[in-house]
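Peer 1: Got a file for you: my_file-v8.csv, CSV, C-alpha atoms (C1' of nucleotides).
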chain,number,residue,atom,x,y,z
A,897,MET,CA,-6.3,-24.1,-4.0
A,898,SER,CA,-2.7,-23.9,-2.7
A,899,LYS,CA,0.4,-24.7,-4.8
A,900,GLN,CA,1.4,-28.3,-4.3
A,901,HIS,CA,4.9,-27.9,-2.9
A,902,TYR,CA,4.3,-31.1,-0.9
A,903,LYS,CA,2.1,-34.0,-1.7
A,904,ALA,CA,0.8,-36.4,0.9
A,905,ASP,CA,1.8,-39.6,-0.8
A,906,THR,CA,5.4,-38.5,-1.5
A,907,TYR,CA,5.9,-36.4,1.7
A,908,LYS,CA,8.9,-37.3,3.7
A,909,SER,CA,9.3,-35.7,7.1
A,910,GLN,CA,13.0,-35.1,6.7
A,911,SER,CA,12.5,-32.8,3.7
A,912,SER,CA,9.8,-30.9,5.5
A,913,ILE,CA,10.3,-27.2,6.2
A,914,GLY,CA,9.3,-27.9,9.8
A,915,TYR,CA,12.0,-30.5,10.2
A,916,LEU,CA,14.7,-28.5,8.5
A,917,VAL,CA,14.0,-25.3,10.4
A,918,LYS,CA,13.8,-27.1,13.8
A,919,ARG,CA,17.1,-28.8,13.1
A,920,ALA,CA,18.8,-25.6,12.0
A,921,HIS,CA,17.6,-24.0,15.2
A,922,SER,CA,19.0,-26.7,17.4
A,923,LEU,CA,22.3,-26.7,15.5
A,924,THR,CA,22.6,-22.9,15.7
A,925,LEU,CA,22.2,-23.1,19.4
A,926,ASP,CA,24.8,-25.8,19.7
A,927,VAL,CA,27.2,-23.6,17.8
A,928,LEU,CA,26.6,-20.3,19.5
A,929,GLU,CA,25.9,-21.4,23.1
A,930,PRO,CA,29.5,-22.4,23.8
A,931,VAL,CA,30.7,-18.9,22.7
A,932,ILE,CA,28.2,-17.2,24.9
A,933,GLU,CA,28.5,-19.4,27.9
A,934,LYS,CA,32.2,-18.9,27.9
A,935,LEU,CA,31.4,-15.4,29.2
A,936,GLY,CA,28.8,-16.7,31.6
A,937,PHE,CA,25.6,-16.0,29.8
A,938,SER,CA,22.8,-18.1,28.4
A,939,PHE,CA,21.6,-17.6,24.9
A,940,ILE,CA,18.3,-16.0,25.9
A,941,GLN,CA,20.2,-13.5,28.1
A,942,TYR,CA,22.3,-12.7,25.1
A,943,VAL,CA,19.3,-12.2,22.9
A,944,ILE,CA,17.8,-9.7,25.3
A,945,LEU,CA,20.9,-7.7,25.6
A,946,ALA,CA,21.4,-7.7,21.9
A,947,THR,CA,17.8,-6.6,21.3
A,948,LEU,CA,18.2,-3.7,23.7
A,949,ARG,CA,21.5,-2.6,22.2
A,950,ASP,CA,19.9,-2.5,18.7
A,951,GLY,CA,17.0,-0.5,20.1
A,952,ILE,CA,14.6,-3.0,18.5
A,953,ALA,CA,12.5,-3.2,21.6
A,954,VAL,CA,12.4,-1.5,25.0
A,955,ASN,CA,9.5,-3.2,26.7
A,956,PRO,CA,9.3,-6.9,27.7
A,957,LYS,CA,6.1,-7.2,25.7
A,958,ASP,CA,7.9,-6.1,22.5
A,959,ILE,CA,10.7,-8.6,23.1
A,960,CYS,CA,8.2,-11.3,23.6
A,961,SER,CA,6.4,-10.7,20.3
A,962,GLN,CA,9.6,-10.0,18.4
A,963,TYR,CA,11.5,-13.1,19.6
A,964,ARG,CA,8.4,-15.3,20.3
A,965,HIS,CA,9.3,-15.9,24.0
A,966,ASP,CA,6.9,-16.5,26.8
A,967,SER,CA,6.0,-13.5,28.9
A,968,GLY,CA,6.4,-15.2,32.2
A,969,ALA,CA,9.7,-16.8,31.3
A,970,LEU,CA,11.0,-13.5,30.1
A,971,THR,CA,10.2,-11.7,33.3
A,972,ARG,CA,12.5,-14.2,35.1
A,973,VAL,CA,15.3,-13.8,32.7
A,974,ILE,CA,15.1,-10.0,33.1
A,975,ASP,CA,15.2,-10.5,36.8
A,976,GLN,CA,18.6,-12.3,36.4
A,977,LEU,CA,20.0,-9.6,34.2
A,978,ALA,CA,18.8,-6.9,36.6
A,979,GLU,CA,20.3,-8.7,39.5
A,980,ARG,CA,23.7,-8.8,37.7
A,981,GLY,CA,23.4,-5.1,37.1
A,982,LEU,CA,23.3,-5.3,33.3
A,983,LEU,CA,20.0,-3.5,32.9
A,984,GLU,CA,17.4,-1.5,34.8
A,985,ARG,CA,13.6,-1.4,34.8
A,986,VAL,CA,12.3,2.1,34.4
A,987,ARG,CA,8.6,3.0,34.8
A,988,ARG,CA,7.6,5.8,32.5
A,989,ASP,CA,4.8,8.2,33.4
A,990,ARG,CA,3.6,8.1,29.9
A,991,ASP,CA,2.1,4.7,30.4
A,992,ARG,CA,2.7,3.2,33.8
A,993,ARG,CA,1.8,-0.3,32.8
A,994,LYS,CA,4.9,-0.4,30.6
A,995,VAL,CA,8.4,-1.1,31.8
A,996,GLU,CA,11.3,0.4,29.9
A,997,LEU,CA,14.4,-1.7,29.9
A,998,GLN,CA,17.7,0.3,29.9
A,999,LEU,CA,21.1,-1.2,29.5
A,1000,THR,CA,23.5,-0.1,32.2
A,1001,SER,CA,27.1,0.8,31.2
A,1002,ALA,CA,28.1,-2.7,32.4
A,1003,GLY,CA,25.4,-4.2,30.3
A,1004,ARG,CA,26.5,-2.2,27.2
A,1005,GLU,CA,30.1,-3.3,27.8
A,1006,THR,CA,29.0,-6.9,28.1
A,1007,ILE,CA,27.0,-7.0,24.8
A,1008,GLU,CA,29.7,-5.1,22.9
A,1009,THR,CA,32.1,-7.8,24.0
A,1010,LEU,CA,29.8,-10.6,23.1
A,1011,ILE,CA,28.7,-9.5,19.6
A,1012,PRO,CA,32.1,-9.7,17.9
A,1013,GLN,CA,32.6,-13.2,19.1
A,1014,VAL,CA,29.1,-14.3,17.9
A,1015,VAL,CA,29.7,-12.5,14.6
A,1016,ASP,CA,33.1,-14.3,14.1
A,1017,LYS,CA,31.4,-17.6,14.8
A,1018,LEU,CA,28.6,-17.0,12.4
A,1019,ASN,CA,31.0,-15.9,9.6
A,1020,GLU,CA,33.1,-19.0,10.3
A,1021,VAL,CA,30.0,-21.3,9.9
A,1022,LEU,CA,28.7,-19.4,6.8
A,1023,ALA,CA,32.1,-19.5,5.0
A,1024,ASP,CA,30.8,-22.0,2.6
A,1025,PHE,CA,28.1,-19.7,1.4
A,1026,SER,CA,28.7,-17.2,-1.4
A,1027,LYS,CA,27.5,-13.7,-0.9
A,1028,PRO,CA,24.5,-14.1,-3.2
A,1029,GLU,CA,23.6,-17.5,-1.6
A,1030,PHE,CA,23.7,-15.9,1.9
A,1031,GLN,CA,21.6,-13.0,0.9
A,1032,GLU,CA,19.1,-15.2,-0.8
A,1033,LEU,CA,18.9,-17.4,2.3
A,1034,MET,CA,18.3,-14.3,4.4
A,1035,ARG,CA,15.6,-13.0,2.0
A,1036,LEU,CA,13.8,-16.3,1.9
A,1037,LEU,CA,13.9,-16.7,5.7
A,1038,VAL,CA,12.4,-13.3,6.2
A,1039,LYS,CA,9.7,-14.1,3.6
A,1040,LEU,CA,9.0,-17.4,5.4
A,1041,ASN,CA,8.6,-15.6,8.7
A,1042,THR,CA,6.3,-13.1,7.1
A,1043,THR,CA,4.0,-15.6,5.6
A,1044,LEU,CA,4.1,-17.8,8.7
A,1045,GLN,CA,3.2,-14.8,10.8
A,1046,ALA,CA,0.2,-14.1,8.5
A,1047,HIS,CA,-1.1,-17.6,9.0
A,1048,VAL,CA,-0.7,-17.5,12.8
A,1049,GLU,CA,-2.4,-14.2,13.5
A,1050,PRO,CA,-5.8,-15.1,11.8
A,1051,SER,CA,-6.5,-17.7,14.5
A,1052,VAL,CA,-6.0,-15.0,17.1
A,1053,ALA,CA,-8.1,-12.5,15.1
A,1054,ALA,CA,-10.7,-15.1,14.4
A,1055,VAL,CA,-11.6,-15.3,18.1
A,1056,GLU,CA,-12.4,-11.7,18.0
A,1057,ALA,CA,-14.7,-11.9,15.0
B,1137,MET,CA,39.9,-15.9,7.3
B,1138,SER,CA,36.1,-16.2,7.0
B,1139,LYS,CA,33.9,-14.3,4.6
B,1140,GLN,CA,32.5,-11.3,6.2
B,1141,HIS,CA,28.8,-11.9,5.9
B,1142,TYR,CA,28.3,-10.0,9.2
B,1143,LYS,CA,30.4,-7.2,10.7
B,1144,ALA,CA,30.4,-6.5,14.4
B,1145,ASP,CA,29.8,-2.8,14.0
B,1146,THR,CA,26.8,-3.1,11.6
B,1147,TYR,CA,25.4,-6.3,13.1
B,1148,LYS,CA,21.7,-6.2,14.1
B,1149,SER,CA,20.3,-9.2,15.9
B,1150,GLN,CA,17.1,-9.2,14.0
B,1151,SER,CA,18.9,-9.9,10.8
B,1152,SER,CA,20.9,-12.7,12.3
B,1153,ILE,CA,20.5,-16.2,11.0
B,1154,GLY,CA,20.1,-17.3,14.6
B,1155,TYR,CA,17.2,-15.0,15.1
B,1156,LEU,CA,15.5,-15.7,11.8
B,1157,VAL,CA,15.7,-19.5,12.3
B,1158,LYS,CA,14.5,-19.4,15.8
B,1159,ARG,CA,11.6,-17.3,14.8
B,1160,ALA,CA,10.7,-19.5,11.9
B,1161,HIS,CA,10.8,-22.5,14.2
B,1162,SER,CA,8.5,-21.0,16.7
B,1163,LEU,CA,6.1,-19.8,14.0
B,1164,THR,CA,6.1,-23.2,12.3
B,1165,LEU,CA,5.1,-24.8,15.6
B,1166,ASP,CA,2.3,-22.2,16.1
B,1167,VAL,CA,1.0,-23.0,12.6
B,1168,LEU,CA,1.2,-26.8,12.8
B,1169,GLU,CA,0.5,-27.6,16.4
B,1170,PRO,CA,-3.2,-26.7,16.2
B,1171,VAL,CA,-3.6,-29.1,13.2
B,1172,ILE,CA,-2.0,-31.9,15.1
B,1173,GLU,CA,-3.5,-31.2,18.5
B,1174,LYS,CA,-6.9,-31.3,16.9
B,1175,LEU,CA,-6.3,-35.1,16.7
B,1176,GLY,CA,-4.9,-35.3,20.2
B,1177,PHE,CA,-1.2,-35.4,19.6
B,1178,SER,CA,1.8,-33.2,20.4
B,1179,PHE,CA,4.2,-32.1,17.7
B,1180,ILE,CA,7.0,-34.3,19.0
B,1181,GLN,CA,4.7,-37.3,18.9
B,1182,TYR,CA,3.8,-36.5,15.3
B,1183,VAL,CA,7.5,-36.3,14.5
B,1184,ILE,CA,8.2,-39.7,15.9
B,1185,LEU,CA,5.3,-41.3,14.0
B,1186,ALA,CA,6.3,-39.6,10.8
B,1187,THR,CA,9.9,-40.6,11.1
B,1188,LEU,CA,8.9,-44.2,11.7
B,1189,ARG,CA,6.5,-44.2,8.8
B,1190,ASP,CA,9.2,-42.9,6.4
B,1191,GLY,CA,11.6,-45.5,7.7
B,1192,ILE,CA,14.1,-42.8,8.4
B,1193,ALA,CA,15.0,-44.3,11.8
B,1194,VAL,CA,14.0,-47.3,13.8
B,1195,ASN,CA,15.9,-46.9,17.0
B,1196,PRO,CA,15.4,-44.1,19.6
B,1197,LYS,CA,19.1,-43.3,19.2
B,1198,ASP,CA,18.7,-42.6,15.5
B,1199,ILE,CA,15.6,-40.4,16.1
B,1200,CYS,CA,17.6,-38.4,18.7
B,1201,SER,CA,20.5,-37.6,16.4
B,1202,GLN,CA,18.3,-37.0,13.3
B,1203,TYR,CA,15.9,-34.7,15.1
B,1204,ARG,CA,18.2,-33.4,17.7
B,1205,HIS,CA,16.1,-34.4,20.6
B,1206,ASP,CA,17.2,-35.4,24.1
B,1207,SER,CA,17.5,-39.1,24.7
B,1208,GLY,CA,15.8,-39.1,28.1
B,1209,ALA,CA,13.0,-36.9,26.9
B,1210,LEU,CA,12.4,-39.2,23.9
B,1211,THR,CA,12.1,-42.2,26.1
B,1212,ARG,CA,9.1,-40.7,27.8
B,1213,VAL,CA,7.4,-39.7,24.5
B,1214,ILE,CA,7.9,-43.2,23.3
B,1215,ASP,CA,6.3,-44.4,26.5
B,1216,GLN,CA,3.2,-42.3,25.8
B,1217,LEU,CA,2.9,-43.6,22.2
B,1218,ALA,CA,3.4,-47.2,23.4
B,1219,GLU,CA,0.7,-46.8,26.0
B,1220,ARG,CA,-1.7,-45.5,23.4
B,1221,GLY,CA,-0.9,-48.6,21.3
B,1222,LEU,CA,0.6,-46.7,18.4
B,1223,LEU,CA,3.9,-48.4,18.4
B,1224,GLU,CA,5.8,-51.3,20.0
B,1225,ARG,CA,9.3,-51.7,21.3
B,1226,VAL,CA,11.0,-54.8,19.9
B,1227,ARG,CA,14.3,-56.2,21.1
B,1228,ARG,CA,16.3,-57.7,18.3
B,1229,ASP,CA,18.7,-60.6,19.0
B,1230,ARG,CA,21.2,-59.0,16.6
B,1231,ASP,CA,22.1,-56.4,19.2
B,1232,ARG,CA,20.2,-56.6,22.4
B,1233,ARG,CA,21.1,-53.0,23.4
B,1234,LYS,CA,19.0,-51.6,20.6
B,1235,VAL,CA,15.2,-51.2,20.6
B,1236,GLU,CA,13.4,-51.4,17.3
B,1237,LEU,CA,10.3,-49.2,17.1
B,1238,GLN,CA,7.5,-50.6,15.1
B,1239,LEU,CA,4.3,-48.8,14.2
B,1240,THR,CA,1.1,-50.8,15.0
B,1241,SER,CA,-1.7,-50.7,12.5
B,1242,ALA,CA,-3.4,-48.1,14.7
B,1243,GLY,CA,-0.2,-46.1,14.6
B,1244,ARG,CA,0.0,-46.3,10.9
B,1245,GLU,CA,-3.5,-45.3,10.5
B,1246,THR,CA,-3.0,-42.3,12.8
B,1247,ILE,CA,0.0,-41.0,10.9
B,1248,GLU,CA,-1.6,-41.5,7.5
B,1249,THR,CA,-4.5,-39.4,8.8
B,1250,LEU,CA,-2.2,-36.7,10.1
B,1251,ILE,CA,0.1,-36.2,7.2
B,1252,PRO,CA,-2.4,-35.0,4.6
B,1253,GLN,CA,-3.6,-32.3,7.0
B,1254,VAL,CA,0.0,-31.2,7.8
B,1255,VAL,CA,0.8,-31.2,4.1
B,1256,ASP,CA,-2.3,-29.1,3.3
B,1257,LYS,CA,-1.3,-26.6,6.0
B,1258,LEU,CA,2.2,-26.4,4.7
B,1259,ASN,CA,1.1,-25.8,1.1
B,1260,GLU,CA,-1.3,-23.2,2.3
B,1261,VAL,CA,1.4,-21.3,4.1
B,1262,LEU,CA,3.9,-21.7,1.3
B,1263,ALA,CA,1.5,-20.5,-1.4
B,1264,ASP,CA,3.3,-17.2,-1.7
B,1265,PHE,CA,6.5,-19.1,-2.7
B,1266,SER,CA,7.1,-19.9,-6.4
B,1267,LYS,CA,8.4,-23.4,-7.2
B,1268,PRO,CA,12.0,-22.2,-7.7
B,1269,GLU,CA,11.9,-20.1,-4.6
B,1270,PHE,CA,10.7,-23.0,-2.5
B,1271,GLN,CA,13.3,-25.3,-3.9
B,1272,GLU,CA,16.0,-22.8,-3.3
B,1273,LEU,CA,14.9,-22.4,0.3
B,1274,MET,CA,15.0,-26.1,0.8
B,1275,ARG,CA,18.4,-26.4,-0.7
B,1276,LEU,CA,19.8,-23.6,1.4
B,1277,LEU,CA,18.4,-24.9,4.6
B,1278,VAL,CA,19.9,-28.3,3.9
B,1279,LYS,CA,23.2,-26.7,3.2
B,1280,LEU,CA,22.9,-24.6,6.3
B,1281,ASN,CA,22.2,-27.7,8.4
B,1282,THR,CA,25.2,-29.5,6.8
B,1283,THR,CA,27.6,-26.7,7.5
B,1284,LEU,CA,26.3,-26.2,11.0
B,1285,GLN,CA,26.6,-29.9,11.7
B,1286,ALA,CA,30.2,-29.8,10.6
B,1287,HIS,CA,30.9,-27.0,13.1
B,1288,VAL,CA,29.2,-28.8,16.0
B,1289,GLU,CA,30.9,-32.2,15.6
B,1290,PRO,CA,34.5,-30.9,16.0
B,1291,SER,CA,34.0,-29.9,19.6
B,1292,VAL,CA,32.9,-33.4,20.3
B,1293,ALA,CA,35.8,-34.9,18.4
B,1294,ALA,CA,38.2,-32.5,20.0
B,1295,VAL,CA,37.6,-34.0,23.4
B,1296,GLU,CA,38.8,-37.3,22.0
B,1297,ALA,CA,42.1,-35.9,20.7
C,597,DG,C1',39.9,-65.1,26.6
C,598,DG,C1',39.4,-61.4,29.9
C,599,DA,C1',39.6,-56.7,31.3
C,600,DT,C1',38.3,-52.3,29.6
C,601,DA,C1',36.0,-49.1,26.8
C,602,DA,C1',32.0,-47.9,24.1
C,603,DT,C1',27.1,-48.0,23.0
C,604,DA,C1',21.9,-47.9,23.7
C,605,DG,C1',18.2,-47.1,26.4
C,606,DC,C1',16.4,-45.7,30.7
C,607,DT,C1',15.7,-43.0,35.3
C,608,DG,C1',16.0,-39.1,38.6
C,609,DC,C1',16.9,-34.5,39.2
C,610,DC,C1',16.9,-29.6,37.9
C,611,DA,C1',16.2,-25.6,35.1
C,612,DA,C1',13.4,-23.5,31.8
C,613,DA,C1',9.3,-22.8,28.9
C,614,DG,C1',4.3,-22.8,28.5
C,615,DC,C1',-0.1,-21.7,30.6
C,616,DA,C1',-3.5,-19.5,33.4
C,617,DG,C1',-4.7,-16.3,36.5
C,618,DT,C1',-3.9,-11.6,39.1
C,619,DA,C1',-3.1,-6.7,39.8
C,620,DA,C1',-2.4,-2.2,38.1
C,621,DT,C1',-3.1,1.0,34.6
C,622,DT,C1',-5.2,2.8,30.5
C,623,DG,C1',-8.6,3.1,26.6
C,624,DC,C1',-13.2,3.0,25.1
C,625,DC,C1',-18.1,4.1,24.9
C,626,DG,C1',-22.3,5.2,26.6
D,275,DC,C1',-18.0,10.9,34.5
D,276,DG,C1',-18.4,5.8,35.2
D,277,DG,C1',-18.2,1.2,34.1
D,278,DC,C1',-16.3,-2.3,31.2
D,279,DA,C1',-12.8,-4.1,28.2
D,280,DA,C1',-7.9,-4.2,26.9
D,281,DT,C1',-3.1,-4.0,27.9
D,282,DT,C1',1.3,-4.8,30.5
D,283,DA,C1',3.9,-7.1,33.7
D,284,DC,C1',4.2,-10.4,37.0
D,285,DT,C1',3.4,-14.9,39.9
D,286,DG,C1',2.2,-19.8,40.8
D,287,DC,C1',1.6,-24.3,38.7
D,288,DT,C1',2.5,-27.8,35.3
D,289,DT,C1',4.9,-29.8,31.6
D,290,DT,C1',8.9,-30.4,29.1
D,291,DG,C1',13.8,-30.6,27.9
D,292,DG,C1',18.6,-31.0,29.2
D,293,DC,C1',22.0,-33.3,32.0
D,294,DA,C1',24.3,-36.8,34.7
D,295,DG,C1',24.4,-41.2,36.2
D,296,DC,C1',22.9,-46.3,35.9
D,297,DT,C1',22.4,-51.0,33.7
D,298,DA,C1',22.8,-54.2,30.2
D,299,DT,C1',25.0,-55.4,26.1
D,300,DT,C1',28.6,-55.3,22.6
D,301,DA,C1',33.2,-54.0,20.7
D,302,DT,C1',38.1,-53.5,21.4
D,303,DC,C1',42.7,-54.5,22.6
D,304,DC,C1',46.3,-56.7,25.0
Would you mind writing the file's structure down as structure tokens?
Peer 2:
Amino acid sequence: MSKQHYKADTYKSQSSIGYLVKRAHSLTLDVLEPVIEKLGFSFIQYVILATLRDGIAVNPKDICSQYRHDSGALTRVIDQLAERGLLERVRRDRDRRKVELQLTSAGRETIETLIPQVVDKLNEVLADFSKPEFQELMRLLVKLNTTLQAHVEPSVAAVEA
Amino acid sequence: MSKQHYKADTYKSQSSIGYLVKRAHSLTLDVLEPVIEKLGFSFIQYVILATLRDGIAVNPKDICSQYRHDSGALTRVIDQLAERGLLERVRRDRDRRKVELQLTSAGRETIETLIPQVVDKLNEVLADFSKPEFQELMRLLVKLNTTLQAHVEPSVAAVEA
DNA sequence: GGATAATAGCTGCCAAAGCAGTAATTGCCG
DNA sequence: CGGCAATTACTGCTTTGGCAGCTATTATCC
């Protein structure tokens, strides 16, 4: 039986992980979007550019699973970025189903301009956190994601069984 | 000048608070939605019912600001719940602009059925966390929300100045 | 007290995300 | 080698959220 972090009879939705995380997500968007929109980009566009810059993913598929974004929706965002000349779709002969996304020099310039501003904003917001506090928050969020991931996958794998 | 939790030249988007929180949010939905949809409700419907049960908010306006949901969108969700006979809109004479949302007995029964299942699922997911770890995560998330909130409000207040 | 601003909820419109289904390519297994 | 399943990207359709504007009601300020 699981540890009893929550109990049904004392559970309050405002102290639920789900609520706290959703709220943090919305608030983070509210804080970062103005910074990014000032340069004419949406948050999701920024995310894709940043992901490509960091070399975290090169295929739309990978971005989807990394960032948990819908595949169809992502295709359209990539269209926008390609039309603005910030990235290019390259078919590789290795596996012609895959599309490799490559930043153009304009795309690279754009993301290198955006990141410092986002970083500044994040640092400003997180100023109240001590170094250890911040690092502990990061560690716990990573752990939370890992455990959540493990409880999502089974339902997918269960279909296969 | 702000503490340098992040630095532009070493910043990786996958270790950004924004990324971690967004991912945690998506994964939490993926874990909880199946539980809630099994009883025929969407997550946002559950949130409203839970909020009313806990007495955290009685007006649509309060739910909006608490949960960071769009006012227009919320109206339509409340419509759905009212049509299904789970809550009622009551105009109070005290301030006739406001609508007081009241759970019906069917609504109360529904949410009391849902909560234990959500709690069980959360405990299952959080089993890897020790008590202190869990409490520290909660504390840090609350603190994060508080500081984020403080950095969102100013932009609203600034317009007034 | 009366004009004006502010608040609460609602409605219509638009953009974006989620979902299912398709086409092209590759992997797998007899 | 051949047929079937799996993978990747993409495209329509539906649902939802976000935004602006509207009405009714209340608060404010001269």
Peer 1: With a distance threshold of 9 Å and counting only C-alpha atoms (C1' of nucleotides), extract the residues of chain B near chain C and express them as a PDB file with C-alpha atoms, in the coordinates of the input.
Peer 2:
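Output file out00.pdb is given in full below:
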ATOM      1  CA  PRO B1196      15.400 -44.100  19.600  1.00  0.00           C
ATOM      2  CA  LYS B1197      19.100 -43.300  19.200  1.00  0.00           C
ATOM      3  CA  SER B1207      17.500 -39.100  24.700  1.00  0.00           C
ATOM      4  CA  GLY B1208      15.800 -39.100  28.100  1.00  0.00           C
ATOM      5  CA  THR B1211      12.100 -42.200  26.100  1.00  0.00           C
ATOM      6  CA  ARG B1232      20.200 -56.600  22.400  1.00  0.00           C
ATOM      7  CA  ARG B1233      21.100 -53.000  23.400  1.00  0.00           C
ATOM      8  CA  LYS B1234      19.000 -51.600  20.600  1.00  0.00           C
ATOM      9  CA  VAL B1235      15.200 -51.200  20.600  1.00  0.00           C
TER      10      VAL B1235
END
Peer 1: Which is closest to chain D among B:Ala1209, B:Leu1237, B:Leu1284, B:Val1255, if we use all atoms listed in the file?
Peer 2: B:Ala1209
Peer 1: Identify every residue of chain D that has at least one atom within 9 Å of any atom of chain A, counting only C-alpha atoms (C1' of nucleotides), and report the result as a list in words.
Peer 2: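 For chain D, the answer reads DT281, DT282, DA283, DC284 and DT285 of chain D.
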Peer 1: Would you mind telling me which residue in A:Val943, A:Ile974, A:Ala1002, A:Val931 lies nearest to chain B when using all atoms listed in the file?
Peer 2: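 Nearest candidate to chain B out of A:Val943, A:Ile974, A:Ala1002, A:Val931: A:Val943.
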Peer 1: Tell me as a ChimeraX atom specification which residues belonging to chain B come within 8 Å of chain A, counting all atoms listed in the file.
Peer 2: /B:1138-1144,1147-1151,1153-1167,1183,1186-1187,1190,1192,1203-1204,1251-1252,1255-1256,1258-1264,1267,1269-1270,1273-1274,1276-1278,1280-1281,1283-1285,1287-1288
Peer 1: Can you work out the spacing between CA of Arg1225 (chain B) and CA of Asp1206 (chain B) in Å, to one decimal?
Peer 2: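 Spanning CA of Arg1225 (chain B) to CA of Asp1206 (chain B) is a straight-line distance of 18.3 Å.
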Peer 1: When you draw a straight line from C1' of DG292 (chain D) to CA of Gln941 (chain A), how long is it in Å?
Peer 2: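 Between these atoms lies a distance of 17.6 Å.
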Peer 1: What does the distance between CA of Thr1006 (chain A) and CA of Leu935 (chain A) come to in Å, to one decimal place?
Peer 2: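 Computing it gives 8.9 Å between the two atoms.
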